[in-house]
Amino acid sequence: MTRCGYVALLGAANVGKSSLANALVGAKVAIVSAKAQTTRARVTGIAIEGESQIVLLDLPGIFAPRRRLDHAMVDAAWRGVEDADRVLLVVDAVAGLDDAALAAIAGLSQRAGRPADAVINKIDAVKRPALLGLAQKIDAAGRFERVFMVSAQSGDGIADLRGWLASHMPEGPWLFPEDQLMELSERLFAAELTREQIFRQLHQELPYSVAVTTDRWTENADGSARVDQTVHVERDGQKAIVIGAAGARLKAIGTAARTELTTALGRPIHLFLHVKVAPDWGERPDFYRDWGLEFAAAGPRPR
Ligand SMILES: Nc1nc2c(ncn2[C@@H]2O[C@H](COP(=O)(O)OP(=O)(O)OP(=O)(O)O)[C@@H](O)[C@H]2O)c(=O)[nH]1
Ligand SMILES: [Mg+2]
């Protein structure tokens, strides 16, 4: 008898949802950075435990949206919850139940009927007594079957959580081949790895003004591939920062992204980055469509 089901990772921004998805899968499927709102759209990672396939929906965080993209991100998070068999509310052990965490719990309580557990992540960063108080508060919400304590970073508690999820997946055939780790295309995954470096290497508001697309993917006879991507920025000044003095920043971004992509795909990749000013990318439906985001999530708005 096999089991297979969808598990949505819900929570505030930056609590470690993507890190947790990677830890549960045992491979990098989702990008991670120290900045909030790194994840912009649903990323599907696939974990296997015994006879169970656990399809993890890593989602954008819940936050107060302002731009059109923000609205589409929060909308994607709630749609992910609605598409899942089970929900994991992820809470940051350090941040605790802040406004965004409470908003996630409130929204989840409105969506009754779907079983949910809570996960306190980053337990490596706090002392034990603080954890117990937080676990009690989460438990008092009355919405969660179990409250787990884990560290996606150290791996502490991950095997327990995976085992629990595996035994609570609905009975049924596996939806993905055994060796498949994610549902994202190579082109989109490659764009994500470049955006991850932009979130890691550039600061203040700049990463939020950037989108990355893979424009061409050319297979070479020797098994390597040439990948051409565009880094879209909103203003000229941002283009200069992304490129950096004598092209140094763009080179560092490209080198790090290429290394990650080569490792993930297990073959040499030649990555070429182009930077383009596209002031309106956040208002262009094609950017949303590629990522499965709802362009009109916030309804039509005057420009
Ligand atoms: N100390 C510690 N840090 C962690 C742990 N898990 C994640 N982090 C860090 O928390 C930050 C955010 O991690 P992400 O996985 O990107 O968080 P997220 O919830 O997916 O964030 P968004 O996509 O922006 O909503 C990164 O700097 C991670 O390295 C953990 O178990 N312990
Ligand atoms: Mg994330």
# chains A, B, ... in the order shown; residues from 1 in each chain; ligands from 1
>>> closest_atom_pairs(of="chain A", to="ligand 2", cutoff="9 Å", atoms="only C-alpha atoms and all ligand atoms", output="tab-separated table")
residue	atom	partner	partner_atom_place_in_ligand_line	distance
A:Ala13	CA	ligand 2	1 (Mg)	7.2
A:Asn14	CA	ligand 2	1 (Mg)	6.6
A:Val15	CA	ligand 2	1 (Mg)	8.1
A:Gly16	CA	ligand 2	1 (Mg)	6.5
A:Lys17	CA	ligand 2	1 (Mg)	5.3
A:Ser18	CA	ligand 2	1 (Mg)	4.1
A:Ser19	CA	ligand 2	1 (Mg)	7.2
A:Ala21	CA	ligand 2	1 (Mg)	8.8
A:Ala30	CA	ligand 2	1 (Mg)	7.0
A:Ile31	CA	ligand 2	1 (Mg)	6.6
A:Val32	CA	ligand 2	1 (Mg)	5.9
A:Ser33	CA	ligand 2	1 (Mg)	7.8
A:Ala36	CA	ligand 2	1 (Mg)	8.1
A:Gln37	CA	ligand 2	1 (Mg)	6.8
A:Thr38	CA	ligand 2	1 (Mg)	5.3
A:Thr39	CA	ligand 2	1 (Mg)	4.0
A:Arg40	CA	ligand 2	1 (Mg)	7.7
A:Ala41	CA	ligand 2	1 (Mg)	8.9
A:Val43	CA	ligand 2	1 (Mg)	9.0
A:Asp58	CA	ligand 2	1 (Mg)	6.8
A:Leu59	CA	ligand 2	1 (Mg)	6.5
A:Pro60	CA	ligand 2	1 (Mg)	5.9
A:Gly61	CA	ligand 2	1 (Mg)	7.0
>>> write_last_selection(atoms="C-alpha atoms", output="PDB file, in the first residue's frame")
ATOM      1  CA  ALA A  13       8.224  35.481   5.570  1.00  0.00           C
ATOM      2  CA  ASN A  14      11.756  34.394   6.486  1.00  0.00           C
ATOM      3  CA  VAL A  15      10.783  31.712   9.038  1.00  0.00           C
ATOM      4  CA  GLY A  16      12.606  29.004   7.056  1.00  0.00           C
ATOM      5  CA  LYS A  17       9.886  27.419   4.895  1.00  0.00           C
ATOM      6  CA  SER A  18      12.202  26.953   1.927  1.00  0.00           C
ATOM      7  CA  SER A  19      15.013  25.689   4.146  1.00  0.00           C
ATOM      8  CA  ALA A  21      11.423  22.063   2.170  1.00  0.00           C
ATOM      9  CA  ALA A  30      14.013  26.010  -3.186  1.00  0.00           C
ATOM     10  CA  ILE A  31      16.146  29.117  -2.881  1.00  0.00           C
ATOM     11  CA  VAL A  32      17.005  30.535   0.545  1.00  0.00           C
ATOM     12  CA  SER A  33      18.245  33.918   1.707  1.00  0.00           C
ATOM     13  CA  ALA A  36      12.238  38.303   3.698  1.00  0.00           C
ATOM     14  CA  GLN A  37      10.088  37.496   0.641  1.00  0.00           C
ATOM     15  CA  THR A  38      12.700  35.413  -1.125  1.00  0.00           C
ATOM     16  CA  THR A  39      10.133  32.900  -2.376  1.00  0.00           C
ATOM     17  CA  ARG A  40       7.759  34.493  -4.887  1.00  0.00           C
ATOM     18  CA  ALA A  41       5.776  31.539  -6.196  1.00  0.00           C
ATOM     19  CA  VAL A  43       7.855  25.552  -5.524  1.00  0.00           C
ATOM     20  CA  ASP A  58       6.963  25.643  -0.540  1.00  0.00           C
ATOM     21  CA  LEU A  59       5.045  28.918  -0.603  1.00  0.00           C
ATOM     22  CA  PRO A  60       5.674  32.635  -0.327  1.00  0.00           C
ATOM     23  CA  GLY A  61       5.269  33.996   3.197  1.00  0.00           C
TER      24      GLY A  61
END
>>> select_by_dssp(residues="segment 26-250 of chain A", states="helix (DSSP H, G or I)", output="PyMOL selection string")
chain A and resi 68-83+99-110+123-125+128-140+158-167+186-201+206-209+236-243+245-250
>>> residues_around(residues="Ala190 of chain A", least_positions_apart="3", cutoff="12 Å", atoms="only C-alpha atoms", output="PyMOL selection string")
chain A and resi 29-31+184-187+193-197+212-217+225-230+254+256-265+269-273
>>> residues_around(residues="Asp236 of chain A", least_positions_apart="3", cutoff="12 Å", atoms="only C-alpha atoms", output="VMD selection string")
chain A and resid 206 209 232 to 233 239 to 243 275 to 279
>>> closest_residue(among="A:Ala152, A:Ala140, A:Ala23, A:Met1", to="ligand 1", atoms="only C-alpha atoms and all ligand atoms")
A:Ala152
>>> closest_residue(among="A:Thr218, A:Ser109, A:Thr2, A:Gln201", to="Ile54 of chain A", atoms="only C-alpha atoms")
A:Thr2
>>> residues_around(residues="segment 65-67 of chain A", least_positions_apart="6", cutoff="12 Å", atoms="only C-alpha atoms", output="compact mmCIF listing (two decimals) with C-alpha atoms, in the first residue's frame")
# COMPACT_ATOMS: atom_id res chain seq x y z
CA ALA A 13 8.22 35.48 5.57
CA GLN A 37 10.09 37.50 0.64
CA MET A 73 2.59 36.19 -3.68
CA VAL A 74 0.17 36.15 -0.74
CA ASP A 75 -2.55 34.85 -3.07
CA ALA A 100 2.36 37.77 10.32
CA TYR A 208 12.84 43.37 -4.64
CA SER A 209 13.19 45.30 -7.90
CA ASP A 280 7.29 47.81 -15.73
CA TRP A 281 8.11 44.13 -15.23
CA GLY A 282 5.98 44.07 -12.09
CA GLU A 283 2.99 45.15 -14.18
CA PHE A 295 -1.73 38.76 -12.18
CA ALA A 296 -5.08 40.10 -11.03
CA ALA A 297 -4.81 38.75 -7.47
CA ALA A 298 -5.44 42.19 -6.04
CA GLY A 299 -8.04 43.05 -8.63
CA ARG A 301 -5.88 48.80 -9.90
CA ARG A 303 -1.69 52.89 -12.48
>>> closest_residue(among="A:Ala125, A:Ile120, A:Ile198, A:Val231", to="ligand 1", atoms="only C-alpha atoms and all ligand atoms")
A:Ala125
>>> closest_residue(among="A:Ile123, A:Ala191, A:Leu250, A:Leu102", to="ligand 1", atoms="only C-alpha atoms and all ligand atoms")
A:Ile123
>>> closest_residue(among="A:Ala27, A:Met169, A:Val150, A:Ala76", to="Val7 of chain A", atoms="only C-alpha atoms")
A:Met169
>>> closest_residue(among="A:Asp85, A:Glu192, A:Asp156, A:Asp117", to="ligand 1", atoms="only C-alpha atoms and all ligand atoms")
A:Asp156
>>> select_by_dssp(residues="segment 38-249 of chain A", states="strand (DSSP E)", output="VMD selection string")
chain A and resid 43 to 49 52 to 58 86 to 92 116 to 121 147 to 149 211 to 219 225 to 233
>>> atom_distance(atom1="atom CA of Asp99 of chain A", atom2="atom CA of His203 of chain A")
24.4 Å
>>> atom_distance(atom1="atom 8 (N, counted along the ligand's line) of ligand 1", atom2="atom CA of Lys251 of chain A")
26.3 Å
>>> closest_atom_pairs(of="segment 52-87 of chain A", to="segment 44-47 of chain A", cutoff="6 Å", atoms="only C-alpha atoms", output="JSON lines")
{"residue": "A:Gln53", "atom": "CA", "partner": "A:Ala47", "partner_atom": "CA", "distance": 5.9}
{"residue": "A:Ile54", "atom": "CA", "partner": "A:Ala47", "partner_atom": "CA", "distance": 5.0}
{"residue": "A:Val55", "atom": "CA", "partner": "A:Ile46", "partner_atom": "CA", "distance": 4.7}
{"residue": "A:Leu56", "atom": "CA", "partner": "A:Gly45", "partner_atom": "CA", "distance": 5.1}
{"residue": "A:Leu57", "atom": "CA", "partner": "A:Thr44", "partner_atom": "CA", "distance": 4.8}
>>> write_last_selection(atoms="N, CA, C and O atoms", output="compact mmCIF listing (two decimals), in the first residue's frame")
# COMPACT_ATOMS: atom_id res chain seq x y z
N GLN A 53 5.01 9.12 -0.59
CA GLN A 53 5.56 10.26 -1.31
C GLN A 53 4.90 11.51 -0.74
O GLN A 53 3.67 11.61 -0.71
N ILE A 54 5.75 12.44 -0.28
CA ILE A 54 5.26 13.67 0.34
C ILE A 54 5.58 14.82 -0.62
O ILE A 54 6.74 15.14 -0.84
N VAL A 55 4.53 15.39 -1.20
CA VAL A 55 4.74 16.47 -2.18
C VAL A 55 4.62 17.79 -1.43
O VAL A 55 3.54 18.18 -0.98
N LEU A 56 5.76 18.46 -1.27
CA LEU A 56 5.82 19.67 -0.45
C LEU A 56 5.60 20.91 -1.31
O LEU A 56 6.26 21.08 -2.33
N LEU A 57 4.67 21.74 -0.90
CA LEU A 57 4.44 23.01 -1.58
C LEU A 57 5.10 24.10 -0.75
O LEU A 57 4.57 24.53 0.27
>>> decode(residues="segment 71-82 of chain A", atoms="all heavy atoms", output="PDB file, in the first residue's frame")
ATOM      1  N   HIS A  71       0.726  41.118  -3.735  1.00  0.00           N
ATOM      2  CA  HIS A  71      -0.625  40.540  -3.688  1.00  0.00           C
ATOM      3  C   HIS A  71      -0.638  39.157  -4.325  1.00  0.00           C
ATOM      4  O   HIS A  71      -1.258  38.225  -3.813  1.00  0.00           O
ATOM      5  CB  HIS A  71      -1.627  41.466  -4.384  1.00  0.00           C
ATOM      6  CG  HIS A  71      -1.992  42.673  -3.570  1.00  0.00           C
ATOM      7  ND1 HIS A  71      -2.940  42.640  -2.576  1.00  0.00           N
ATOM      8  CD2 HIS A  71      -1.508  43.938  -3.580  1.00  0.00           C
ATOM      9  CE1 HIS A  71      -3.041  43.845  -2.015  1.00  0.00           C
ATOM     10  NE2 HIS A  71      -2.174  44.638  -2.609  1.00  0.00           N
ATOM     11  N   ALA A  72       0.073  39.033  -5.449  1.00  0.00           N
ATOM     12  CA  ALA A  72       0.120  37.746  -6.146  1.00  0.00           C
ATOM     13  C   ALA A  72       0.835  36.693  -5.297  1.00  0.00           C
ATOM     14  O   ALA A  72       0.457  35.513  -5.293  1.00  0.00           O
ATOM     15  CB  ALA A  72       0.821  37.916  -7.495  1.00  0.00           C
ATOM     16  N   MET A  73       1.846  37.124  -4.541  1.00  0.00           N
ATOM     17  CA  MET A  73       2.589  36.193  -3.682  1.00  0.00           C
ATOM     18  C   MET A  73       1.707  35.661  -2.551  1.00  0.00           C
ATOM     19  O   MET A  73       1.652  34.452  -2.285  1.00  0.00           O
ATOM     20  CB  MET A  73       3.836  36.883  -3.113  1.00  0.00           C
ATOM     21  CG  MET A  73       4.928  37.107  -4.155  1.00  0.00           C
ATOM     22  SD  MET A  73       6.191  38.337  -3.663  1.00  0.00           S
ATOM     23  CE  MET A  73       6.893  37.576  -2.200  1.00  0.00           C
ATOM     24  N   VAL A  74       1.023  36.570  -1.860  1.00  0.00           N
ATOM     25  CA  VAL A  74       0.172  36.146  -0.738  1.00  0.00           C
ATOM     26  C   VAL A  74      -0.982  35.282  -1.260  1.00  0.00           C
ATOM     27  O   VAL A  74      -1.357  34.269  -0.650  1.00  0.00           O
ATOM     28  CB  VAL A  74      -0.322  37.367   0.061  1.00  0.00           C
ATOM     29  CG1 VAL A  74      -1.310  36.946   1.142  1.00  0.00           C
ATOM     30  CG2 VAL A  74       0.870  38.106   0.688  1.00  0.00           C
ATOM     31  N   ASP A  75      -1.501  35.652  -2.428  1.00  0.00           N
ATOM     32  CA  ASP A  75      -2.554  34.851  -3.068  1.00  0.00           C
ATOM     33  C   ASP A  75      -2.039  33.432  -3.362  1.00  0.00           C
ATOM     34  O   ASP A  75      -2.749  32.445  -3.134  1.00  0.00           O
ATOM     35  CB  ASP A  75      -2.983  35.560  -4.363  1.00  0.00           C
ATOM     36  CG  ASP A  75      -3.865  34.701  -5.242  1.00  0.00           C
ATOM     37  OD1 ASP A  75      -5.044  34.520  -4.875  1.00  0.00           O
ATOM     38  OD2 ASP A  75      -3.386  34.202  -6.278  1.00  0.00           O
ATOM     39  N   ALA A  76      -0.796  33.341  -3.840  1.00  0.00           N
ATOM     40  CA  ALA A  76      -0.223  32.016  -4.141  1.00  0.00           C
ATOM     41  C   ALA A  76      -0.088  31.181  -2.868  1.00  0.00           C
ATOM     42  O   ALA A  76      -0.264  29.954  -2.890  1.00  0.00           O
ATOM     43  CB  ALA A  76       1.141  32.170  -4.821  1.00  0.00           C
ATOM     44  N   ALA A  77       0.219  31.845  -1.762  1.00  0.00           N
ATOM     45  CA  ALA A  77       0.347  31.119  -0.493  1.00  0.00           C
ATOM     46  C   ALA A  77      -0.996  30.506  -0.090  1.00  0.00           C
ATOM     47  O   ALA A  77      -1.082  29.318   0.236  1.00  0.00           O
ATOM     48  CB  ALA A  77       0.864  32.054   0.596  1.00  0.00           C
ATOM     49  N   TRP A  78      -2.058  31.299  -0.171  1.00  0.00           N
ATOM     50  CA  TRP A  78      -3.371  30.773   0.245  1.00  0.00           C
ATOM     51  C   TRP A  78      -3.897  29.738  -0.742  1.00  0.00           C
ATOM     52  O   TRP A  78      -4.546  28.773  -0.351  1.00  0.00           O
ATOM     53  CB  TRP A  78      -4.372  31.905   0.473  1.00  0.00           C
ATOM     54  CG  TRP A  78      -4.042  32.692   1.712  1.00  0.00           C
ATOM     55  CD1 TRP A  78      -3.739  34.018   1.801  1.00  0.00           C
ATOM     56  CD2 TRP A  78      -3.933  32.182   3.055  1.00  0.00           C
ATOM     57  NE1 TRP A  78      -3.460  34.370   3.099  1.00  0.00           N
ATOM     58  CE2 TRP A  78      -3.574  33.260   3.887  1.00  0.00           C
ATOM     59  CE3 TRP A  78      -4.100  30.913   3.636  1.00  0.00           C
ATOM     60  CZ2 TRP A  78      -3.375  33.116   5.270  1.00  0.00           C
ATOM     61  CZ3 TRP A  78      -3.908  30.766   5.013  1.00  0.00           C
ATOM     62  CH2 TRP A  78      -3.559  31.859   5.805  1.00  0.00           C
ATOM     63  N   ARG A  79      -3.589  29.929  -2.041  1.00  0.00           N
ATOM     64  CA  ARG A  79      -4.008  28.905  -3.006  1.00  0.00           C
ATOM     65  C   ARG A  79      -3.290  27.592  -2.726  1.00  0.00           C
ATOM     66  O   ARG A  79      -3.857  26.509  -2.855  1.00  0.00           O
ATOM     67  CB  ARG A  79      -3.734  29.368  -4.438  1.00  0.00           C
ATOM     68  CG  ARG A  79      -4.888  30.205  -5.002  1.00  0.00           C
ATOM     69  CD  ARG A  79      -4.737  30.372  -6.496  1.00  0.00           C
ATOM     70  NE  ARG A  79      -3.603  31.225  -6.820  1.00  0.00           N
ATOM     71  CZ  ARG A  79      -2.714  30.976  -7.776  1.00  0.00           C
ATOM     72  NH1 ARG A  79      -2.822  29.888  -8.522  1.00  0.00           N
ATOM     73  NH2 ARG A  79      -1.722  31.797  -8.000  1.00  0.00           N
ATOM     74  N   GLY A  80      -2.017  27.682  -2.328  1.00  0.00           N
ATOM     75  CA  GLY A  80      -1.255  26.477  -1.994  1.00  0.00           C
ATOM     76  C   GLY A  80      -1.898  25.721  -0.844  1.00  0.00           C
ATOM     77  O   GLY A  80      -2.017  24.495  -0.861  1.00  0.00           O
ATOM     78  N   VAL A  81      -2.343  26.472   0.162  1.00  0.00           N
ATOM     79  CA  VAL A  81      -3.017  25.850   1.313  1.00  0.00           C
ATOM     80  C   VAL A  81      -4.282  25.137   0.844  1.00  0.00           C
ATOM     81  O   VAL A  81      -4.578  24.005   1.261  1.00  0.00           O
ATOM     82  CB  VAL A  81      -3.340  26.923   2.378  1.00  0.00           C
ATOM     83  CG1 VAL A  81      -4.318  26.401   3.414  1.00  0.00           C
ATOM     84  CG2 VAL A  81      -2.048  27.412   3.035  1.00  0.00           C
ATOM     85  N   GLU A  82      -5.031  25.800  -0.047  1.00  0.00           N
ATOM     86  CA  GLU A  82      -6.287  25.210  -0.517  1.00  0.00           C
ATOM     87  C   GLU A  82      -6.061  23.963  -1.371  1.00  0.00           C
ATOM     88  O   GLU A  82      -6.926  23.085  -1.442  1.00  0.00           O
ATOM     89  CB  GLU A  82      -7.117  26.273  -1.264  1.00  0.00           C
ATOM     90  CG  GLU A  82      -7.873  27.146  -0.273  1.00  0.00           C
ATOM     91  CD  GLU A  82      -8.191  28.545  -0.782  1.00  0.00           C
ATOM     92  OE1 GLU A  82      -8.084  28.774  -2.005  1.00  0.00           O
ATOM     93  OE2 GLU A  82      -8.530  29.406   0.055  1.00  0.00           O
TER      94      GLU A  82
END
